[in-house]
>>> print(open('run_22.cif').read())   # mmCIF, C-alpha atoms
data_my_file
#
loop_
_atom_site.label_atom_id
_atom_site.label_comp_id
_atom_site.auth_asym_id
_atom_site.auth_seq_id
_atom_site.Cartn_x
_atom_site.Cartn_y
_atom_site.Cartn_z
CA MET M 4 -28.31 -37.41 -17.51
CA TYR M 5 -26.09 -34.63 -16.25
CA LYS M 6 -22.55 -34.58 -17.53
CA GLY M 7 -19.71 -34.19 -15.08
CA LEU M 8 -17.14 -31.41 -15.23
CA LEU M 9 -13.54 -31.56 -16.36
CA ILE M 10 -11.83 -29.37 -13.78
CA VAL M 11 -8.34 -28.30 -14.74
CA VAL M 12 -6.21 -26.79 -11.99
CA SER M 13 -2.94 -25.35 -13.10
CA GLY M 14 -0.39 -22.75 -12.15
CA ALA M 15 3.29 -22.00 -12.16
CA SER M 16 5.67 -24.14 -10.10
CA GLY M 17 5.62 -22.98 -6.52
CA THR M 18 1.98 -21.89 -6.43
CA GLY M 19 0.99 -24.93 -4.38
CA LYS M 20 -1.40 -26.67 -6.79
CA GLY M 21 -0.64 -30.09 -5.32
CA THR M 22 -1.67 -29.08 -1.80
CA VAL M 23 -4.78 -27.28 -3.04
CA CYS M 24 -5.92 -30.22 -5.20
CA LYS M 25 -5.36 -32.72 -2.38
CA LYS M 26 -7.54 -30.67 -0.01
CA LEU M 27 -10.18 -30.16 -2.71
CA LEU M 28 -10.53 -33.92 -3.23
CA GLU M 29 -10.77 -34.48 0.53
CA ASP M 30 -13.65 -31.99 0.66
CA MET M 31 -15.35 -33.28 -2.50
CA PRO M 32 -14.94 -37.05 -2.52
CA LYS M 33 -17.20 -37.35 -5.58
CA ILE M 34 -14.54 -35.71 -7.71
CA SER M 35 -11.57 -37.86 -8.65
CA TYR M 36 -8.25 -37.42 -10.38
CA SER M 37 -7.86 -38.40 -13.98
CA VAL M 38 -5.59 -41.42 -14.37
CA SER M 39 -2.63 -40.75 -16.66
CA ALA M 40 -0.94 -43.22 -18.96
CA THR M 41 2.82 -43.73 -18.83
CA THR M 42 5.56 -45.85 -20.33
CA ARG M 43 7.59 -45.90 -17.14
CA ALA M 44 7.66 -49.22 -15.29
CA ALA M 45 5.19 -49.78 -12.47
CA ARG M 46 6.76 -49.44 -9.04
CA PRO M 47 6.04 -51.99 -6.32
CA GLY M 48 2.52 -51.46 -5.03
CA GLU M 49 1.29 -49.57 -8.11
CA THR M 50 -1.71 -51.01 -9.93
CA ASP M 51 -2.50 -50.59 -13.62
CA GLY M 52 -5.51 -48.26 -13.95
CA LYS M 53 -5.13 -46.84 -10.46
CA GLU M 54 -1.93 -44.79 -10.19
CA TYR M 55 -1.34 -44.98 -13.96
CA TYR M 56 -2.22 -46.92 -17.04
CA PHE M 57 1.07 -48.65 -17.76
CA LEU M 58 1.66 -48.91 -21.50
CA SER M 59 4.54 -50.11 -23.62
CA ARG M 60 6.30 -47.54 -25.74
CA ALA M 61 4.73 -49.02 -28.88
CA GLU M 62 1.24 -48.89 -27.39
CA PHE M 63 1.76 -45.32 -26.24
CA GLU M 64 3.02 -44.19 -29.64
CA GLU M 65 0.14 -45.90 -31.39
CA ARG M 66 -2.28 -43.96 -29.20
CA ILE M 67 -0.41 -40.74 -29.92
CA SER M 68 -0.83 -41.39 -33.63
CA LYS M 69 -4.57 -41.91 -33.10
CA ASN M 70 -4.77 -38.56 -31.29
CA ASP M 71 -5.95 -40.44 -28.19
CA PHE M 72 -4.29 -38.15 -25.64
CA LEU M 73 -5.63 -34.85 -24.44
CA GLU M 74 -2.00 -33.95 -23.95
CA TYR M 75 1.22 -35.87 -23.49
CA ALA M 76 4.87 -35.15 -22.85
CA GLU M 77 8.13 -37.06 -22.74
CA VAL M 78 10.00 -36.59 -19.47
CA TYR M 79 13.44 -38.19 -18.91
CA GLY M 80 12.77 -40.74 -21.63
CA ASN M 81 9.29 -41.78 -20.50
CA TYR M 82 5.95 -40.72 -21.94
CA TYR M 83 3.19 -39.37 -19.74
CA GLY M 84 -0.23 -38.59 -21.17
CA THR M 85 -3.87 -37.90 -20.33
CA PRO M 86 -6.17 -40.36 -22.14
CA LEU M 87 -9.10 -38.48 -23.72
CA ASN M 88 -11.28 -41.56 -24.05
CA GLU M 89 -11.27 -42.39 -20.34
CA ILE M 90 -12.09 -38.81 -19.35
CA GLU M 91 -14.94 -38.57 -21.85
CA THR M 92 -16.49 -41.83 -20.66
CA ARG M 93 -16.39 -40.78 -17.02
CA ILE M 94 -17.68 -37.27 -17.67
CA ASN M 95 -20.54 -38.53 -19.83
CA SER M 96 -21.58 -40.83 -16.99
CA GLY M 97 -21.85 -37.80 -14.68
CA GLU M 98 -18.50 -38.03 -12.90
CA SER M 99 -16.40 -34.91 -12.42
CA ILE M 100 -12.68 -35.22 -12.97
CA LEU M 101 -9.80 -33.16 -11.68
CA LEU M 102 -6.74 -32.61 -13.81
CA GLU M 103 -3.77 -31.14 -11.99
CA ILE M 104 -1.44 -30.17 -14.77
CA ASP M 105 1.33 -27.78 -15.79
CA THR M 106 0.50 -24.66 -17.76
CA GLN M 107 1.71 -26.03 -21.09
CA GLY M 108 -0.43 -29.15 -20.77
CA ALA M 109 -3.45 -27.13 -19.65
CA LEU M 110 -3.51 -25.02 -22.79
CA LYS M 111 -3.43 -28.15 -24.94
CA VAL M 112 -6.37 -29.54 -22.97
CA LYS M 113 -8.24 -26.26 -23.50
CA ASP M 114 -7.89 -26.65 -27.27
CA ARG M 115 -9.42 -30.12 -27.20
CA CYS M 116 -11.94 -29.61 -24.36
CA PRO M 117 -13.02 -25.97 -24.31
CA GLU M 118 -16.01 -26.94 -22.13
CA GLY M 119 -13.60 -27.80 -19.30
CA VAL M 120 -13.29 -25.47 -16.31
CA PHE M 121 -9.83 -23.90 -16.34
CA ILE M 122 -8.62 -22.58 -13.01
CA PHE M 123 -5.29 -20.83 -12.64
CA LEU M 124 -3.63 -20.64 -9.23
CA LEU M 125 -1.58 -17.56 -8.46
CA PRO M 126 0.94 -17.18 -5.65
CA PRO M 127 -0.05 -14.43 -3.19
CA SER M 128 2.93 -12.35 -4.31
CA LEU M 129 6.16 -12.66 -6.22
CA ALA M 130 8.11 -12.44 -2.98
CA GLU M 131 6.18 -15.44 -1.69
CA LEU M 132 6.71 -17.31 -4.97
CA ARG M 133 10.46 -16.73 -4.73
CA LYS M 134 10.42 -17.96 -1.14
CA ARG M 135 8.55 -21.14 -2.12
CA ILE M 136 10.89 -21.87 -5.01
CA GLU M 137 13.96 -21.28 -2.85
CA GLY M 138 12.51 -23.32 -0.01
CA ARG M 139 12.49 -26.44 -2.14
CA GLY M 140 16.09 -27.47 -1.88
CA THR M 141 19.70 -26.57 -2.15
CA GLU M 142 20.00 -25.40 -5.74
CA THR M 143 22.49 -22.80 -6.91
CA PRO M 144 21.34 -19.16 -7.17
CA GLU M 145 21.53 -19.45 -10.98
CA VAL M 146 19.16 -22.44 -11.06
CA LEU M 147 16.80 -20.69 -8.65
CA GLU M 148 16.80 -17.54 -10.77
CA LYS M 149 16.05 -19.62 -13.86
CA ARG M 150 13.17 -21.37 -12.10
CA PHE M 151 11.80 -18.07 -10.87
CA ASN M 152 11.88 -16.58 -14.36
CA ALA M 153 10.25 -19.70 -15.78
CA ALA M 154 7.49 -19.32 -13.17
CA LEU M 155 6.95 -15.69 -14.22
CA GLU M 156 6.67 -16.85 -17.82
CA GLU M 157 4.11 -19.47 -16.80
CA ILE M 158 2.06 -16.92 -14.87
CA SER M 159 1.68 -14.76 -17.96
CA VAL M 160 -0.38 -17.50 -19.67
CA GLY M 161 -2.89 -17.41 -16.81
CA LYS M 162 -4.93 -14.86 -18.74
CA LYS M 163 -6.02 -17.62 -21.08
CA TYR M 164 -7.82 -19.49 -18.28
CA ASP M 165 -11.41 -19.01 -17.11
CA TYR M 166 -10.77 -18.38 -13.43
CA VAL M 167 -7.90 -17.14 -11.31
CA VAL M 168 -7.56 -18.02 -7.63
CA VAL M 169 -4.88 -16.51 -5.43
CA ASN M 170 -3.45 -19.21 -3.18
CA ASP M 171 -2.73 -17.11 -0.09
CA GLU M 172 -4.37 -19.66 2.23
CA VAL M 173 -5.08 -23.21 1.10
CA GLU M 174 -8.51 -23.30 2.80
CA LYS M 175 -9.63 -20.08 1.13
CA ALA M 176 -8.34 -21.13 -2.27
CA VAL M 177 -10.18 -24.46 -1.97
CA GLU M 178 -13.41 -22.67 -1.00
CA LYS M 179 -13.14 -20.52 -4.11
CA ILE M 180 -12.56 -23.54 -6.34
CA LYS M 181 -15.58 -25.25 -4.76
CA ALA M 182 -17.65 -22.15 -5.56
CA VAL M 183 -16.40 -22.24 -9.16
CA ILE M 184 -17.42 -25.90 -9.47
CA SER M 185 -20.85 -25.21 -7.99
CA ALA M 186 -21.37 -22.18 -10.26
CA GLU M 187 -20.25 -24.04 -13.37
CA SER M 188 -22.84 -26.72 -12.61
CA CYS M 189 -25.47 -23.94 -12.76
CA LYS M 190 -24.36 -22.63 -16.18
CA VAL M 191 -27.31 -22.45 -18.55
CA SER M 192 -25.19 -24.06 -21.27
CA ARG M 193 -24.79 -27.14 -19.05
CA ASN M 194 -28.49 -27.30 -18.11
CA LEU M 195 -30.42 -26.91 -21.34
CA ASN M 196 -32.26 -30.13 -20.45
CA GLU M 197 -34.01 -28.24 -17.60
CA PHE M 198 -35.69 -26.04 -20.19
CA GLU M 199 -36.46 -28.91 -22.54
CA MET M 200 -38.12 -30.78 -19.70
CA ILE M 201 -40.45 -27.85 -19.14
CA GLY M 202 -41.17 -27.48 -22.83
CA GLU M 203 -42.26 -31.11 -23.04
CA MET M 204 -44.64 -31.08 -20.11
CA MET Y 22 -9.61 -1.10 -7.46
CA TYR Y 23 -11.88 -4.10 -7.94
CA LYS Y 24 -15.19 -3.44 -9.62
CA GLY Y 25 -18.33 -4.79 -8.03
CA LEU Y 26 -20.75 -7.13 -9.77
CA LEU Y 27 -24.15 -6.37 -11.22
CA ILE Y 28 -26.12 -9.44 -10.15
CA VAL Y 29 -29.41 -9.84 -11.99
CA VAL Y 30 -31.86 -12.34 -10.52
CA SER Y 31 -34.89 -13.01 -12.61
CA GLY Y 32 -37.48 -15.66 -13.28
CA ALA Y 33 -41.10 -16.19 -14.15
CA SER Y 34 -43.81 -15.11 -11.70
CA GLY Y 35 -44.26 -17.75 -9.06
CA THR Y 36 -40.62 -18.89 -8.95
CA GLY Y 37 -40.04 -17.12 -5.64
CA LYS Y 38 -37.37 -14.60 -6.64
CA GLY Y 39 -38.44 -12.15 -3.93
CA THR Y 40 -37.88 -14.67 -1.14
CA VAL Y 41 -34.57 -15.84 -2.58
CA CYS Y 42 -33.23 -12.28 -3.02
CA LYS Y 43 -34.27 -11.28 0.50
CA LYS Y 44 -32.39 -14.24 2.01
CA LEU Y 45 -29.39 -13.60 -0.24
CA LEU Y 46 -29.08 -10.02 1.02
CA GLU Y 47 -29.40 -11.19 4.63
CA ASP Y 48 -26.49 -13.58 4.03
CA MET Y 49 -24.39 -11.09 2.05
CA PRO Y 50 -24.93 -7.69 3.66
CA LYS Y 51 -22.27 -6.11 1.44
CA ILE Y 52 -24.53 -6.53 -1.57
CA SER Y 53 -27.41 -4.10 -1.88
CA TYR Y 54 -30.44 -3.62 -4.07
CA SER Y 55 -30.35 -1.14 -6.89
CA VAL Y 56 -32.64 1.80 -6.22
CA SER Y 57 -35.21 2.32 -8.96
CA ALA Y 58 -36.65 5.60 -10.15
CA THR Y 59 -40.41 6.10 -10.35
CA THR Y 60 -42.99 8.76 -11.13
CA ARG Y 61 -45.46 7.42 -8.58
CA ALA Y 62 -45.93 9.58 -5.49
CA ALA Y 63 -43.88 8.73 -2.38
CA ARG Y 64 -45.91 6.93 0.26
CA PRO Y 65 -45.71 7.93 3.92
CA GLY Y 66 -42.37 6.77 5.32
CA GLU Y 67 -40.65 6.46 1.93
CA THR Y 68 -37.49 8.50 1.40
CA ASP Y 69 -36.15 9.76 -1.91
CA GLY Y 70 -33.03 7.72 -2.81
CA LYS Y 71 -33.86 4.91 -0.42
CA GLU Y 72 -36.99 3.04 -1.57
CA TYR Y 73 -37.04 4.91 -4.89
CA TYR Y 74 -35.80 8.01 -6.61
CA PHE Y 75 -39.03 9.97 -6.96
CA LEU Y 76 -39.10 11.90 -10.22
CA SER Y 77 -41.69 14.01 -11.99
CA ARG Y 78 -43.04 12.72 -15.27
CA ALA Y 79 -41.08 15.40 -17.15
CA GLU Y 80 -37.82 14.50 -15.38
CA PHE Y 81 -38.36 10.81 -16.03
CA GLU Y 82 -39.08 11.36 -19.72
CA GLU Y 83 -36.05 13.60 -20.10
CA ARG Y 84 -33.90 10.82 -18.67
CA ILE Y 85 -35.52 8.31 -21.01
CA SER Y 86 -34.59 10.54 -23.94
CA LYS Y 87 -30.99 10.64 -22.69
CA ASN Y 88 -30.93 6.83 -22.56
CA ASP Y 89 -30.28 7.09 -18.82
CA PHE Y 90 -32.21 3.96 -17.83
CA LEU Y 91 -30.92 0.43 -18.04
CA GLU Y 92 -34.56 -0.47 -18.54
CA TYR Y 93 -37.89 1.12 -17.74
CA ALA Y 94 -41.56 0.31 -18.02
CA GLU Y 95 -44.87 2.05 -17.55
CA VAL Y 96 -47.18 0.24 -15.15
CA TYR Y 97 -50.70 1.53 -14.44
CA GLY Y 98 -49.76 5.01 -15.60
CA ASN Y 99 -46.51 5.31 -13.64
CA TYR Y 100 -42.97 4.91 -14.89
CA TYR Y 101 -40.49 2.63 -13.15
CA GLY Y 102 -36.87 2.48 -14.26
CA THR Y 103 -33.35 1.37 -13.31
CA PRO Y 104 -30.92 4.30 -13.45
CA LEU Y 105 -27.75 3.26 -15.26
CA ASN Y 106 -25.64 6.08 -13.89
CA GLU Y 107 -26.20 5.18 -10.22
CA ILE Y 108 -25.41 1.49 -10.83
CA GLU Y 109 -22.22 2.31 -12.74
CA THR Y 110 -20.97 4.64 -10.01
CA ARG Y 111 -21.57 2.08 -7.28
CA ILE Y 112 -20.05 -0.82 -9.23
CA ASN Y 113 -16.97 1.18 -10.17
CA SER Y 114 -16.43 1.93 -6.49
CA GLY Y 115 -16.39 -1.82 -5.77
CA GLU Y 116 -19.96 -2.30 -4.56
CA SER Y 117 -22.00 -5.24 -5.83
CA ILE Y 118 -25.60 -4.58 -6.72
CA LEU Y 119 -28.57 -6.90 -6.89
CA LEU Y 120 -31.27 -6.32 -9.46
CA GLU Y 121 -34.43 -8.36 -8.93
CA ILE Y 122 -36.29 -7.90 -12.14
CA ASP Y 123 -38.81 -9.49 -14.50
CA THR Y 124 -37.62 -11.43 -17.52
CA GLN Y 125 -38.39 -8.67 -20.03
CA GLY Y 126 -36.41 -6.10 -18.06
CA ALA Y 127 -33.50 -8.50 -17.52
CA LEU Y 128 -32.95 -9.00 -21.24
CA LYS Y 129 -32.83 -5.24 -21.76
CA VAL Y 130 -30.24 -4.99 -18.98
CA LYS Y 131 -28.21 -7.74 -20.64
CA ASP Y 132 -28.03 -5.71 -23.86
CA ARG Y 133 -26.64 -2.69 -22.02
CA CYS Y 134 -24.52 -4.49 -19.39
CA PRO Y 135 -23.35 -7.82 -20.80
CA GLU Y 136 -20.72 -8.01 -18.01
CA GLY Y 137 -23.55 -8.43 -15.48
CA VAL Y 138 -24.22 -11.83 -13.93
CA PHE Y 139 -27.58 -13.11 -15.14
CA ILE Y 140 -29.22 -15.74 -12.95
CA PHE Y 141 -32.50 -17.35 -13.88
CA LEU Y 142 -34.61 -18.98 -11.20
CA LEU Y 143 -36.67 -22.00 -12.17
CA PRO Y 144 -39.56 -23.48 -10.22
CA PRO Y 145 -38.86 -27.08 -9.14
CA SER Y 146 -41.61 -28.32 -11.46
CA LEU Y 147 -44.53 -27.06 -13.47
CA ALA Y 148 -46.92 -28.64 -10.96
CA GLU Y 149 -45.27 -26.60 -8.21
CA LEU Y 150 -45.39 -23.45 -10.36
CA ARG Y 151 -49.11 -23.93 -10.91
CA LYS Y 152 -49.62 -24.42 -7.19
CA ARG Y 153 -47.72 -21.22 -6.38
CA ILE Y 154 -49.64 -19.18 -8.94
CA GLU Y 155 -52.99 -20.56 -7.73
CA GLY Y 156 -52.00 -20.05 -4.12
CA ARG Y 157 -51.75 -16.32 -4.59
CA GLY Y 158 -55.39 -15.36 -4.40
CA THR Y 159 -58.90 -15.89 -5.54
CA GLU Y 160 -58.67 -15.36 -9.29
CA THR Y 161 -60.92 -17.09 -11.82
CA PRO Y 162 -59.63 -20.26 -13.51
CA GLU Y 163 -59.29 -18.31 -16.79
CA VAL Y 164 -57.02 -15.68 -15.19
CA LEU Y 165 -54.95 -18.40 -13.50
CA GLU Y 166 -54.56 -20.28 -16.79
CA LYS Y 167 -53.45 -17.08 -18.49
CA ARG Y 168 -50.88 -16.40 -15.76
CA PHE Y 169 -49.60 -19.95 -15.95
CA ASN Y 170 -49.15 -19.72 -19.71
CA ALA Y 171 -47.44 -16.35 -19.35
CA ALA Y 172 -45.05 -17.94 -16.83
CA LEU Y 173 -44.25 -20.75 -19.29
CA GLU Y 174 -43.51 -18.13 -21.92
CA GLU Y 175 -41.18 -16.34 -19.48
CA ILE Y 176 -39.34 -19.57 -18.63
CA SER Y 177 -38.47 -20.14 -22.27
CA VAL Y 178 -36.28 -16.99 -22.26
CA GLY Y 179 -34.19 -18.44 -19.42
CA LYS Y 180 -31.82 -19.95 -21.97
CA LYS Y 181 -30.48 -16.46 -22.65
CA TYR Y 182 -29.16 -16.12 -19.11
CA ASP Y 183 -25.75 -17.17 -17.77
CA TYR Y 184 -26.88 -19.38 -14.89
CA VAL Y 185 -29.98 -21.33 -13.97
CA VAL Y 186 -30.88 -22.17 -10.39
CA VAL Y 187 -33.80 -24.41 -9.49
CA ASN Y 188 -35.63 -22.94 -6.50
CA ASP Y 189 -36.70 -26.15 -4.81
CA GLU Y 190 -35.50 -24.97 -1.40
CA VAL Y 191 -34.76 -21.31 -0.70
CA GLU Y 192 -31.60 -22.11 1.33
CA LYS Y 193 -30.15 -24.29 -1.41
CA ALA Y 194 -30.97 -21.80 -4.15
CA VAL Y 195 -29.30 -19.02 -2.13
CA GLU Y 196 -26.18 -21.16 -1.60
CA LYS Y 197 -25.93 -21.69 -5.34
CA ILE Y 198 -26.28 -17.97 -6.06
CA LYS Y 199 -23.58 -17.25 -3.48
CA ALA Y 200 -21.30 -19.74 -5.27
CA VAL Y 201 -22.05 -18.01 -8.59
CA ILE Y 202 -21.11 -14.63 -7.08
CA SER Y 203 -17.91 -16.03 -5.60
CA ALA Y 204 -16.96 -17.75 -8.88
CA GLU Y 205 -17.70 -14.66 -10.95
CA SER Y 206 -15.34 -12.68 -8.72
CA CYS Y 207 -12.62 -15.19 -9.73
CA LYS Y 208 -13.20 -14.80 -13.48
CA VAL Y 209 -9.93 -14.01 -15.23
CA SER Y 210 -11.71 -11.29 -17.22
CA ARG Y 211 -12.52 -9.49 -13.95
CA ASN Y 212 -9.00 -9.90 -12.52
CA LEU Y 213 -6.63 -8.86 -15.26
CA ASN Y 214 -5.06 -6.44 -12.78
CA GLU Y 215 -3.66 -9.46 -10.86
CA PHE Y 216 -1.56 -10.32 -13.89
CA GLU Y 217 -0.57 -6.72 -14.57
CA MET Y 218 0.59 -6.37 -10.98
CA ILE Y 219 2.91 -9.32 -11.45
CA GLY Y 220 4.16 -8.02 -14.77
CA GLU Y 221 5.11 -4.71 -13.17
CA MET Y 222 7.03 -6.11 -10.24
#
>>> encode(input="run_22.cif", output="C-alpha cells")
Amino acid sequence: MYKGLLIVVSGASGTGKGTVCKKLLEDMPKISYSVSATTRAARPGETDGKEYYFLSRAEFEERISKNDFLEYAEVYGNYYGTPLNEIETRINSGESILLEIDTQGALKVKDRCPEGVFIFLLPPSLAELRKRIEGRGTETPEVLEKRFNAALEEISVGKKYDYVVVNDEVEKAVEKIKAVISAESCKVSRNLNEFEMIGEM
Amino acid sequence: MYKGLLIVVSGASGTGKGTVCKKLLEDMPKISYSVSATTRAARPGETDGKEYYFLSRAEFEERISKNDFLEYAEVYGNYYGTPLNEIETRINSGESILLEIDTQGALKVKDRCPEGVFIFLLPPSLAELRKRIEGRGTETPEVLEKRFNAALEEISVGKKYDYVVVNDEVEKAVEKIKAVISAESCKVSRNLNEFEMIGEM
C-alpha cells in the first residue's frame, strides 16, 4: 500500500497561499484539505467533521495534553488545531492531504512530521508584497508597516522548508507544486517496496 | 545566476533508459547530453567535442591521474569517461545536463557530485525485463540468464538513488522525470539567492 503525502503549503501573509491552494485542489481532486479542530461554535450550515471538528474547550485541552495536535494555536479566545491522528489515518490509507498553514504552524508540523512535503510560497517581489498587503483594506500606515515587517520576518524562515515557489502567476505556481507532488511520489525513500517486490520474485 | 542541474538517469540493462532519455531531450531541448571523452578513434562523421572528446591514451591517462573524470571505464581496450570540468562549467553557466549512465558509473558520479539529481529507472516487472533482455538478439539461454541476473544485481543498487521511476510507458516515465526536474529547480537549497535578494532589499 502506498502512503499518501502530507503537503504543507505556507508563506507570509500576502503571498496568496489561499488562492494557490484552492486552484491546486481544483486541479487535483484526489488531494483534500486536512480538517482542523476548533472550540469556536459551529456556524449555521457547518457540519462537524467537514468544515471543522467542533470540540468543547475541555475536550480540546485534553487532546493538547495527550499531544494529539500536530500544531494548535489560540486565536481571539478560541483554539484551532490540526489533529495528528486523523492525518495519519488518511495518509496511511493512501490519501494525500493539503495543509495550508502559517509559517509558525508549519515549522511545528515539520518537527512532528519531517516526511511531509514543505512548500514555501514567495511573493514575486517585495514591492508586490507591499501592494498586496496594502490592497487588503483601510488600515493606518503604521499597521501596514507592521504587517509588512512581520511578512519579511516570516519570509526569512522559508529557508527551513524543502521547496520554494515564487507566486508570480497562480497557474505557474500551481504547476510547480504539482511537479513537486509528482516528484515526491517518485522519491526512493517513499518507494522501497518497489525494490522489495523485485527481491522477492 | 541560477545553476543548472546535473540529471543522472540510470537503470539496469533492459529498462529502456536510452528511449526515455531521447524522448526527454526532445521534450526539453534546453537540456543536453554530457559529452564523454574516449580513446577510441573517431568514426567518419564524428566531430571532436560533439559525439565525444577524442583523446590519445596518454592524454586520457594524464587526466585520470589529475582526477579529471567524474567516472571512467575501460571497455574492450578503450577508455570512456565523463569530464568533470566540462560539466561544472556548463552547470555553473545555468545549463542542465543529462547523464545517461550505467549503475556502476552513476554511483561514482554520486560520490563526486552529490548535488546531482539521481533517477533510477525500473522495468515494470521482472517478466517484462526478461522479455526485453531476450528480445535483444540470439544469445544462448546461459548468456541470457547471466544478463538477467546481472540486471537483478543492478536493480538492487537503485535504493541509493534519489528517485525511482517505473518505465511502464515511455511517455509516463518522461512526464515523471520532467516533474522531478521541475521540483528540483524549486528546492530551497538551490534557491537560497531568492531569500538573500529579499534580505537585501
>>> resolve_selection(input="run_22.cif", expression="the PyMOL selection byres ((chain Y and resi 81) around 9)", output="PyMOL selection string")
chain Y and resi 58-60+76-80+82-86+100-102
>>> closest_residue(input="run_22.cif", among="M:Phe151, M:Tyr5, M:Phe198, M:Tyr79", to="Leu142 in chain Y", atoms="only C-alpha atoms")
M:Phe198
>>> interface_residues(input="run_22.cif", of="chain M", to="chain Y", cutoff="10 Å", atoms="all atoms listed in the file", output="PyMOL selection string")
chain M and resi 121-123+125-130+155-156+158-169+178-195+197-202+204
>>> resolve_selection(input="run_22.cif", expression="the PyMOL selection byres ((chain Y and resi 35) around 12)", output="PDB file with C-alpha atoms, keeping the file's coordinate frame")
ATOM      1  CA  SER Y  31     -34.890 -13.010 -12.610  1.00  0.00           C
ATOM      2  CA  GLY Y  32     -37.480 -15.660 -13.280  1.00  0.00           C
ATOM      3  CA  ALA Y  33     -41.100 -16.190 -14.150  1.00  0.00           C
ATOM      4  CA  SER Y  34     -43.810 -15.110 -11.700  1.00  0.00           C
ATOM      5  CA  THR Y  36     -40.620 -18.890  -8.950  1.00  0.00           C
ATOM      6  CA  GLY Y  37     -40.040 -17.120  -5.640  1.00  0.00           C
ATOM      7  CA  LYS Y  38     -37.370 -14.600  -6.640  1.00  0.00           C
ATOM      8  CA  GLY Y  39     -38.440 -12.150  -3.930  1.00  0.00           C
ATOM      9  CA  THR Y  40     -37.880 -14.670  -1.140  1.00  0.00           C
ATOM     10  CA  VAL Y  41     -34.570 -15.840  -2.580  1.00  0.00           C
ATOM     11  CA  ASP Y 123     -38.810  -9.490 -14.500  1.00  0.00           C
ATOM     12  CA  LEU Y 142     -34.610 -18.980 -11.200  1.00  0.00           C
ATOM     13  CA  LEU Y 143     -36.670 -22.000 -12.170  1.00  0.00           C
ATOM     14  CA  PRO Y 144     -39.560 -23.480 -10.220  1.00  0.00           C
ATOM     15  CA  PRO Y 145     -38.860 -27.080  -9.140  1.00  0.00           C
ATOM     16  CA  SER Y 146     -41.610 -28.320 -11.460  1.00  0.00           C
ATOM     17  CA  LEU Y 147     -44.530 -27.060 -13.470  1.00  0.00           C
ATOM     18  CA  ALA Y 148     -46.920 -28.640 -10.960  1.00  0.00           C
ATOM     19  CA  GLU Y 149     -45.270 -26.600  -8.210  1.00  0.00           C
ATOM     20  CA  LEU Y 150     -45.390 -23.450 -10.360  1.00  0.00           C
ATOM     21  CA  ARG Y 151     -49.110 -23.930 -10.910  1.00  0.00           C
ATOM     22  CA  LYS Y 152     -49.620 -24.420  -7.190  1.00  0.00           C
ATOM     23  CA  ARG Y 153     -47.720 -21.220  -6.380  1.00  0.00           C
ATOM     24  CA  ILE Y 154     -49.640 -19.180  -8.940  1.00  0.00           C
ATOM     25  CA  GLU Y 155     -52.990 -20.560  -7.730  1.00  0.00           C
ATOM     26  CA  GLY Y 156     -52.000 -20.050  -4.120  1.00  0.00           C
ATOM     27  CA  ARG Y 157     -51.750 -16.320  -4.590  1.00  0.00           C
ATOM     28  CA  LEU Y 165     -54.950 -18.400 -13.500  1.00  0.00           C
ATOM     29  CA  ARG Y 168     -50.880 -16.400 -15.760  1.00  0.00           C
ATOM     30  CA  PHE Y 169     -49.600 -19.950 -15.950  1.00  0.00           C
ATOM     31  CA  ASN Y 170     -49.150 -19.720 -19.710  1.00  0.00           C
ATOM     32  CA  ALA Y 171     -47.440 -16.350 -19.350  1.00  0.00           C
ATOM     33  CA  ALA Y 172     -45.050 -17.940 -16.830  1.00  0.00           C
ATOM     34  CA  LEU Y 173     -44.250 -20.750 -19.290  1.00  0.00           C
ATOM     35  CA  GLU Y 175     -41.180 -16.340 -19.480  1.00  0.00           C
ATOM     36  CA  ILE Y 176     -39.340 -19.570 -18.630  1.00  0.00           C
ATOM     37  CA  ASN Y 188     -35.630 -22.940  -6.500  1.00  0.00           C
TER      38      ASN Y 188
END
>>> atom_distance(input="run_22.cif", atom1="CA of Val12 in chain M", atom2="CA of Glu91 in chain M")
17.7 Å
>>> atom_distance(input="run_22.cif", atom1="CA of Met49 in chain Y", atom2="CA of Val191 in chain Y")
14.8 Å
>>> closest_residue(input="run_22.cif", among="Y:Thr161, Y:Glu192, Y:Ser117, Y:Cys134", to="Pro50 in chain Y", atoms="only C-alpha atoms")
Y:Ser117
>>> atom_distance(input="run_22.cif", atom1="CA of Glu72 in chain Y", atom2="CA of Thr103 in chain Y")
12.4 Å
>>> closest_residue(input="run_22.cif", among="Y:Val96, Y:Ala62, Y:Ile112, Y:Leu91", to="Lys129 in chain Y", atoms="all atoms listed in the file")
Y:Leu91
